[in-house]
Amino acid sequence: MSPSDSDRSVRHLLRQAKVFPVDMPLFDTDAAPDEPIALFLEWLTAAVEGGVAQPHAMTLSTADRAGEVTARTLLLKDVDDAFWFASSSASPKGRQLRINPRVALTLFWREQGRQVRILGEAGHGPRDVSVRDFTARHPDSRAVAIAVRQSDPVDDAQDARARLAAAKELVERDDSFAPDDWTAYRVAPTSVEFWQATTGRDQVRLRYDRQGAAWAKNLLWP
Ligand SMILES: Cc1cc2nc3c(=O)[nH]c(=O)nc-3n(C[C@H](O)[C@H](O)[C@H](O)COP(=O)(O)O)c2cc1C
């Protein structure tokens with residue numbers, strides 16, 4: 001197959017891909033609240049109650065000092081006046097966040113044709129929130145997080161197995177143990193955009209931008 005044939009067949013494959021369902025929720029921007037967290041919670045509730053798969057999965061994008069961008073999927077852990085996620089501060093993302101706390105969070109609820117894009121700064125939450133998050137995890141996940149550094153290459157497997165066994169013992173012995181690097185991060189939003197697909201392809205977009213203590217609301221062209 002020549003590269004152009006292969007290109008055409010991939011294009012064909014992609015054109016066949018299913019897009020949005022026909023029964024998507026309506027987004028009445030006139031009825032939208034004055035601040036984005038209330039609307040986010042409304043959409044999150046609709047996603048959970050509507051059976052969206054993994055509605056708490058979101059993309060966290062970070063950048064280092066040189067502007068190199070990295071993105072990965074994480075779980076949204078809580079929402080108050082900020083958006084919370086948890087990870088190791090010793091991981092690549094944790095090291096990037098130390099240098100540059102500016103982040104983008106993106107949620108996509110495909111079954112409802114909805115996307116939410118959040119910009120803001122990530123900061124460490126209180127230690128007790130990190131400990132609570134860690135101790136709520138499955139014991140096996142805890143043992144792995146204690147034994148090895150997230151995203152390090154797997155080299156000395158024998159050594160890692162020994163550390164994992166020791167970590168499992170520690171978790172069994174002390175149910176309240178959390179390693180120092182496990183961190184609950186809170187992202188204080190500066191901008192939140194809500195995007196709703198429609199069957200007519202005239203997607204509806206509403207962005208909130210923080211202005212001091214208040215929020216400016218603007219409709220955007222799709
Ligand atoms: C659905 C899903 C949920 C995930 N949730 C988390 C999470 O809550 N915390 C976390 O540290 N990694 C989570 N991961 C793994 C991350 O995507 C990533 O592989 C890991 O955090 C290492 O990222 P880094 O090398 O950029 O630091 C999740 C992955 C998937 C696919």
# chains A, B, ... in the order shown; residues from 1 in each chain; ligands from 1

call {"tool": "select_by_dssp", "arguments": {"residues": "range 41-177 of chain A", "states": "helix (DSSP H, G or I)", "output": "VMD selection string"}}
result
chain A and resid 41 to 49 92 to 99 110 to 112 127 to 135 139 to 147 157 to 173

call {"tool": "closest_atom_pairs", "arguments": {"of": "range 3-66 of chain A", "to": "range 106-112 of chain A", "cutoff": "8 Å", "atoms": "only C-alpha atoms", "output": "Markdown table"}}
result
| residue | atom | partner | partner_atom | distance |
| --- | --- | --- | --- | --- |
| A:Phe20 | CA | A:Glu111 | CA | 7.0 |
| A:Pro21 | CA | A:Glu111 | CA | 6.8 |
| A:Asp23 | CA | A:Gln112 | CA | 7.9 |
| A:Met24 | CA | A:Gln112 | CA | 5.1 |
| A:Pro25 | CA | A:Gln112 | CA | 6.5 |
| A:Ala47 | CA | A:Trp109 | CA | 7.0 |
| A:Val52 | CA | A:Glu111 | CA | 6.0 |
| A:Ala53 | CA | A:Trp109 | CA | 8.0 |
| A:Pro55 | CA | A:Trp109 | CA | 6.4 |
| A:His56 | CA | A:Leu107 | CA | 7.8 |
| A:Ala57 | CA | A:Leu107 | CA | 6.8 |
| A:Met58 | CA | A:Leu107 | CA | 4.7 |
| A:Thr59 | CA | A:Thr106 | CA | 5.0 |
| A:Leu60 | CA | A:Thr106 | CA | 6.8 |

call {"tool": "write_last_selection", "arguments": {"atoms": "N, CA, C and O atoms", "output": "PDB file, in the first residue's frame"}}
result
ATOM      1  N   PHE A  20     -21.853  12.637  17.552  1.00  0.00           N
ATOM      2  CA  PHE A  20     -22.666  12.792  18.764  1.00  0.00           C
ATOM      3  C   PHE A  20     -24.037  12.137  18.626  1.00  0.00           C
ATOM      4  O   PHE A  20     -24.561  12.014  17.523  1.00  0.00           O
ATOM      5  N   PRO A  21     -24.654  11.763  19.775  1.00  0.00           N
ATOM      6  CA  PRO A  21     -26.028  11.248  19.712  1.00  0.00           C
ATOM      7  C   PRO A  21     -26.993  12.379  19.347  1.00  0.00           C
ATOM      8  O   PRO A  21     -26.619  13.555  19.403  1.00  0.00           O
ATOM      9  N   ASP A  23     -29.902  12.957  20.949  1.00  0.00           N
ATOM     10  CA  ASP A  23     -30.658  13.457  22.107  1.00  0.00           C
ATOM     11  C   ASP A  23     -29.732  14.120  23.130  1.00  0.00           C
ATOM     12  O   ASP A  23     -29.564  13.634  24.236  1.00  0.00           O
ATOM     13  N   MET A  24     -29.126  15.219  22.707  1.00  0.00           N
ATOM     14  CA  MET A  24     -28.210  15.910  23.636  1.00  0.00           C
ATOM     15  C   MET A  24     -28.975  16.958  24.442  1.00  0.00           C
ATOM     16  O   MET A  24     -29.991  17.485  23.964  1.00  0.00           O
ATOM     17  N   PRO A  25     -28.476  17.298  25.644  1.00  0.00           N
ATOM     18  CA  PRO A  25     -29.178  18.323  26.431  1.00  0.00           C
ATOM     19  C   PRO A  25     -29.089  19.692  25.748  1.00  0.00           C
ATOM     20  O   PRO A  25     -28.148  19.948  24.998  1.00  0.00           O
ATOM     21  N   ALA A  47     -24.111  14.627  34.068  1.00  0.00           N
ATOM     22  CA  ALA A  47     -23.244  13.598  33.476  1.00  0.00           C
ATOM     23  C   ALA A  47     -23.316  12.310  34.299  1.00  0.00           C
ATOM     24  O   ALA A  47     -23.471  11.215  33.756  1.00  0.00           O
ATOM     25  N   VAL A  52     -22.934   8.940  31.979  1.00  0.00           N
ATOM     26  CA  VAL A  52     -21.705   9.175  31.217  1.00  0.00           C
ATOM     27  C   VAL A  52     -20.589   8.314  31.810  1.00  0.00           C
ATOM     28  O   VAL A  52     -20.428   8.260  33.033  1.00  0.00           O
ATOM     29  N   ALA A  53     -19.826   7.641  30.952  1.00  0.00           N
ATOM     30  CA  ALA A  53     -18.739   6.793  31.441  1.00  0.00           C
ATOM     31  C   ALA A  53     -17.591   7.667  31.945  1.00  0.00           C
ATOM     32  O   ALA A  53     -17.188   8.613  31.270  1.00  0.00           O
ATOM     33  N   PRO A  55     -17.208  10.140  34.147  1.00  0.00           N
ATOM     34  CA  PRO A  55     -17.414  11.591  34.016  1.00  0.00           C
ATOM     35  C   PRO A  55     -16.370  12.391  34.783  1.00  0.00           C
ATOM     36  O   PRO A  55     -16.219  13.590  34.566  1.00  0.00           O
ATOM     37  N   HIS A  56     -15.641  11.707  35.679  1.00  0.00           N
ATOM     38  CA  HIS A  56     -14.626  12.411  36.482  1.00  0.00           C
ATOM     39  C   HIS A  56     -13.228  12.314  35.854  1.00  0.00           C
ATOM     40  O   HIS A  56     -12.260  12.791  36.451  1.00  0.00           O
ATOM     41  N   ALA A  57     -13.126  11.719  34.674  1.00  0.00           N
ATOM     42  CA  ALA A  57     -11.819  11.661  34.006  1.00  0.00           C
ATOM     43  C   ALA A  57     -11.583  12.976  33.265  1.00  0.00           C
ATOM     44  O   ALA A  57     -12.458  13.453  32.547  1.00  0.00           O
ATOM     45  N   MET A  58     -10.428  13.559  33.468  1.00  0.00           N
ATOM     46  CA  MET A  58     -10.135  14.848  32.822  1.00  0.00           C
ATOM     47  C   MET A  58      -8.682  14.881  32.371  1.00  0.00           C
ATOM     48  O   MET A  58      -7.835  14.163  32.902  1.00  0.00           O
ATOM     49  N   THR A  59      -8.414  15.708  31.383  1.00  0.00           N
ATOM     50  CA  THR A  59      -7.042  15.875  30.904  1.00  0.00           C
ATOM     51  C   THR A  59      -6.400  17.043  31.647  1.00  0.00           C
ATOM     52  O   THR A  59      -6.973  18.136  31.684  1.00  0.00           O
ATOM     53  N   LEU A  60      -5.247  16.769  32.231  1.00  0.00           N
ATOM     54  CA  LEU A  60      -4.467  17.836  32.881  1.00  0.00           C
ATOM     55  C   LEU A  60      -3.295  18.166  31.965  1.00  0.00           C
ATOM     56  O   LEU A  60      -2.464  17.307  31.671  1.00  0.00           O
TER      57      LEU A  60
END

call {"tool": "residues_near_ligand", "arguments": {"ligand": "ligand 1", "cutoff": "12 Å", "atoms": "only C-alpha atoms and all ligand atoms", "output": "PyMOL selection string"}}
result
chain A and resi 53-64+69-78+84-97+107+130+133-134+137+141-142+144-145+149-153+181-185

call {"tool": "atom_distance", "arguments": {"atom1": "CA of Lys217 in chain A", "atom2": "CA of Gly123 in chain A"}}
result
25.2 Å

call {"tool": "select_by_dssp", "arguments": {"residues": "range 67-149 of chain A", "states": "strand (DSSP E or B)", "output": "PyMOL selection string"}}
result
chain A and resi 69-75+78-79+83-88+102-109+114-124

call {"tool": "residues_around", "arguments": {"residues": "Glu169 in chain A", "least_positions_apart": "4", "cutoff": "12 Å", "atoms": "only C-alpha atoms", "output": "MDAnalysis selection string"}}
result
chainID A and resid 139:140 142:144 146:147 162:165 173:175 177

call {"tool": "write_last_selection", "arguments": {"atoms": "C-alpha atoms", "output": "CSV table (one decimal), in the first residue's frame"}}
result
chain,number,residue,atom,x,y,z
A,139,PRO,CA,-4.3,-0.9,49.3
A,140,ASP,CA,-2.5,-2.3,46.2
A,142,ARG,CA,-1.1,2.6,47.8
A,143,ALA,CA,1.7,0.0,47.9
A,144,VAL,CA,2.8,0.8,44.4
A,146,ILE,CA,4.9,3.9,48.2
A,147,ALA,CA,7.3,1.5,46.5
A,162,ALA,CA,11.2,-6.4,47.2
A,163,ARG,CA,10.2,-2.7,47.7
A,164,LEU,CA,6.6,-3.6,46.8
A,165,ALA,CA,6.5,-6.4,49.3
A,173,ARG,CA,0.4,-2.4,59.3
A,174,ASP,CA,-0.6,1.3,59.1
A,175,ASP,CA,-3.8,2.1,57.4
A,177,PHE,CA,0.2,6.0,56.3

call {"tool": "closest_atom_pairs", "arguments": {"of": "range 78-123 of chain A", "to": "range 190-193 of chain A", "cutoff": "10 Å", "atoms": "only C-alpha atoms", "output": "JSON lines"}}
result
{"residue": "A:Ala104", "atom": "CA", "partner": "A:Ser191", "partner_atom": "CA", "distance": 9.6}
{"residue": "A:Leu105", "atom": "CA", "partner": "A:Val192", "partner_atom": "CA", "distance": 9.4}
{"residue": "A:Thr106", "atom": "CA", "partner": "A:Glu193", "partner_atom": "CA", "distance": 9.6}
{"residue": "A:Gln115", "atom": "CA", "partner": "A:Glu193", "partner_atom": "CA", "distance": 8.1}
{"residue": "A:Val116", "atom": "CA", "partner": "A:Glu193", "partner_atom": "CA", "distance": 5.6}
{"residue": "A:Arg117", "atom": "CA", "partner": "A:Glu193", "partner_atom": "CA", "distance": 5.1}
{"residue": "A:Ile118", "atom": "CA", "partner": "A:Val192", "partner_atom": "CA", "distance": 4.5}
{"residue": "A:Leu119", "atom": "CA", "partner": "A:Ser191", "partner_atom": "CA", "distance": 5.2}
{"residue": "A:Gly120", "atom": "CA", "partner": "A:Thr190", "partner_atom": "CA", "distance": 5.0}
{"residue": "A:Glu121", "atom": "CA", "partner": "A:Thr190", "partner_atom": "CA", "distance": 8.0}

call {"tool": "atom_distance", "arguments": {"atom1": "CA of Ala160 in chain A", "atom2": "CA of Arg98 in chain A"}}
result
26.9 Å

call {"tool": "decode", "arguments": {"residues": "range 173-206 of chain A", "atoms": "N, CA and C atoms", "output": "tab-separated table (two decimals), in the first residue's frame"}}
result
chain	number	residue	atom	x	y	z
A	173	ARG	N	0.06	-2.76	57.95
A	173	ARG	CA	0.37	-2.40	59.34
A	173	ARG	C	-0.24	-1.06	59.74
A	174	ASP	N	-0.18	-0.10	58.80
A	174	ASP	CA	-0.58	1.27	59.13
A	174	ASP	C	-1.51	1.81	58.04
A	175	ASP	N	-2.80	1.71	58.33
A	175	ASP	CA	-3.83	2.09	57.36
A	175	ASP	C	-3.88	3.61	57.12
A	176	SER	N	-3.21	4.37	58.02
A	176	SER	CA	-3.27	5.84	57.91
A	176	SER	C	-2.01	6.40	57.26
A	177	PHE	N	-1.11	5.51	56.81
A	177	PHE	CA	0.15	6.01	56.26
A	177	PHE	C	-0.06	6.60	54.86
A	178	ALA	N	0.58	7.76	54.61
A	178	ALA	CA	0.60	8.35	53.27
A	178	ALA	C	2.00	8.90	53.03
A	179	PRO	N	2.61	8.63	51.88
A	179	PRO	CA	3.95	9.15	51.62
A	179	PRO	C	3.93	10.68	51.46
A	180	ASP	N	5.06	11.30	51.77
A	180	ASP	CA	5.13	12.78	51.77
A	180	ASP	C	4.80	13.38	50.40
A	181	ASP	N	5.12	12.62	49.33
A	181	ASP	CA	4.95	13.23	48.00
A	181	ASP	C	3.50	13.15	47.49
A	182	TRP	N	2.64	12.33	48.14
A	182	TRP	CA	1.26	12.25	47.64
A	182	TRP	C	0.53	13.56	47.94
A	183	THR	N	0.02	14.18	46.92
A	183	THR	CA	-0.44	15.56	47.06
A	183	THR	C	-1.82	15.76	46.47
A	184	ALA	N	-2.70	16.37	47.25
A	184	ALA	CA	-3.98	16.83	46.71
A	184	ALA	C	-3.74	18.24	46.18
A	185	TYR	N	-3.93	18.41	44.89
A	185	TYR	CA	-3.74	19.73	44.25
A	185	TYR	C	-5.10	20.38	44.04
A	186	ARG	N	-5.14	21.70	44.26
A	186	ARG	CA	-6.37	22.44	43.98
A	186	ARG	C	-6.09	23.47	42.87
A	187	VAL	N	-6.97	23.48	41.89
A	187	VAL	CA	-6.82	24.42	40.79
A	187	VAL	C	-7.86	25.52	40.95
A	188	ALA	N	-7.39	26.71	41.26
A	188	ALA	CA	-8.29	27.86	41.38
A	188	ALA	C	-8.52	28.39	39.96
A	189	PRO	N	-9.77	28.36	39.46
A	189	PRO	CA	-9.99	28.70	38.06
A	189	PRO	C	-9.90	30.20	37.78
A	190	THR	N	-9.33	30.53	36.61
A	190	THR	CA	-9.36	31.92	36.14
A	190	THR	C	-10.26	32.03	34.92
A	191	SER	N	-10.54	30.88	34.28
A	191	SER	CA	-11.41	30.86	33.10
A	191	SER	C	-12.05	29.48	33.00
A	192	VAL	N	-13.34	29.44	32.71
A	192	VAL	CA	-14.04	28.16	32.53
A	192	VAL	C	-14.96	28.30	31.32
A	193	GLU	N	-14.75	27.41	30.35
A	193	GLU	CA	-15.59	27.46	29.13
A	193	GLU	C	-16.45	26.22	29.01
A	194	PHE	N	-17.73	26.43	28.76
A	194	PHE	CA	-18.70	25.34	28.58
A	194	PHE	C	-19.06	25.26	27.10
A	195	TRP	N	-18.98	24.06	26.54
A	195	TRP	CA	-19.21	23.84	25.10
A	195	TRP	C	-20.25	22.75	24.95
A	196	GLN	N	-21.31	23.08	24.22
A	196	GLN	CA	-22.38	22.10	24.02
A	196	GLN	C	-22.58	21.87	22.53
A	197	ALA	N	-22.45	20.61	22.11
A	197	ALA	CA	-22.73	20.27	20.71
A	197	ALA	C	-24.24	20.28	20.49
A	198	THR	N	-24.64	20.55	19.26
A	198	THR	CA	-26.06	20.46	18.89
A	198	THR	C	-26.15	19.63	17.62
A	199	THR	N	-27.34	19.13	17.33
A	199	THR	CA	-27.49	18.35	16.10
A	199	THR	C	-27.32	19.25	14.88
A	200	GLY	N	-27.54	20.53	15.04
A	200	GLY	CA	-27.42	21.47	13.92
A	200	GLY	C	-26.01	21.95	13.69
A	201	ARG	N	-25.03	21.41	14.40
A	201	ARG	CA	-23.61	21.79	14.26
A	201	ARG	C	-23.33	23.24	14.72
A	202	ASP	N	-24.34	23.92	15.29
A	202	ASP	CA	-24.09	25.28	15.76
A	202	ASP	C	-23.82	25.22	17.27
A	203	GLN	N	-22.63	24.71	17.58
A	203	GLN	CA	-22.29	24.49	18.98
A	203	GLN	C	-22.42	25.78	19.80
A	204	VAL	N	-22.81	25.60	21.05
A	204	VAL	CA	-23.00	26.74	21.94
A	204	VAL	C	-21.81	26.80	22.89
A	205	ARG	N	-21.18	27.97	22.97
A	205	ARG	CA	-20.01	28.11	23.85
A	205	ARG	C	-20.20	29.31	24.76
A	206	LEU	N	-19.93	29.08	26.03
A	206	LEU	CA	-20.02	30.18	27.01
A	206	LEU	C	-18.77	30.14	27.86
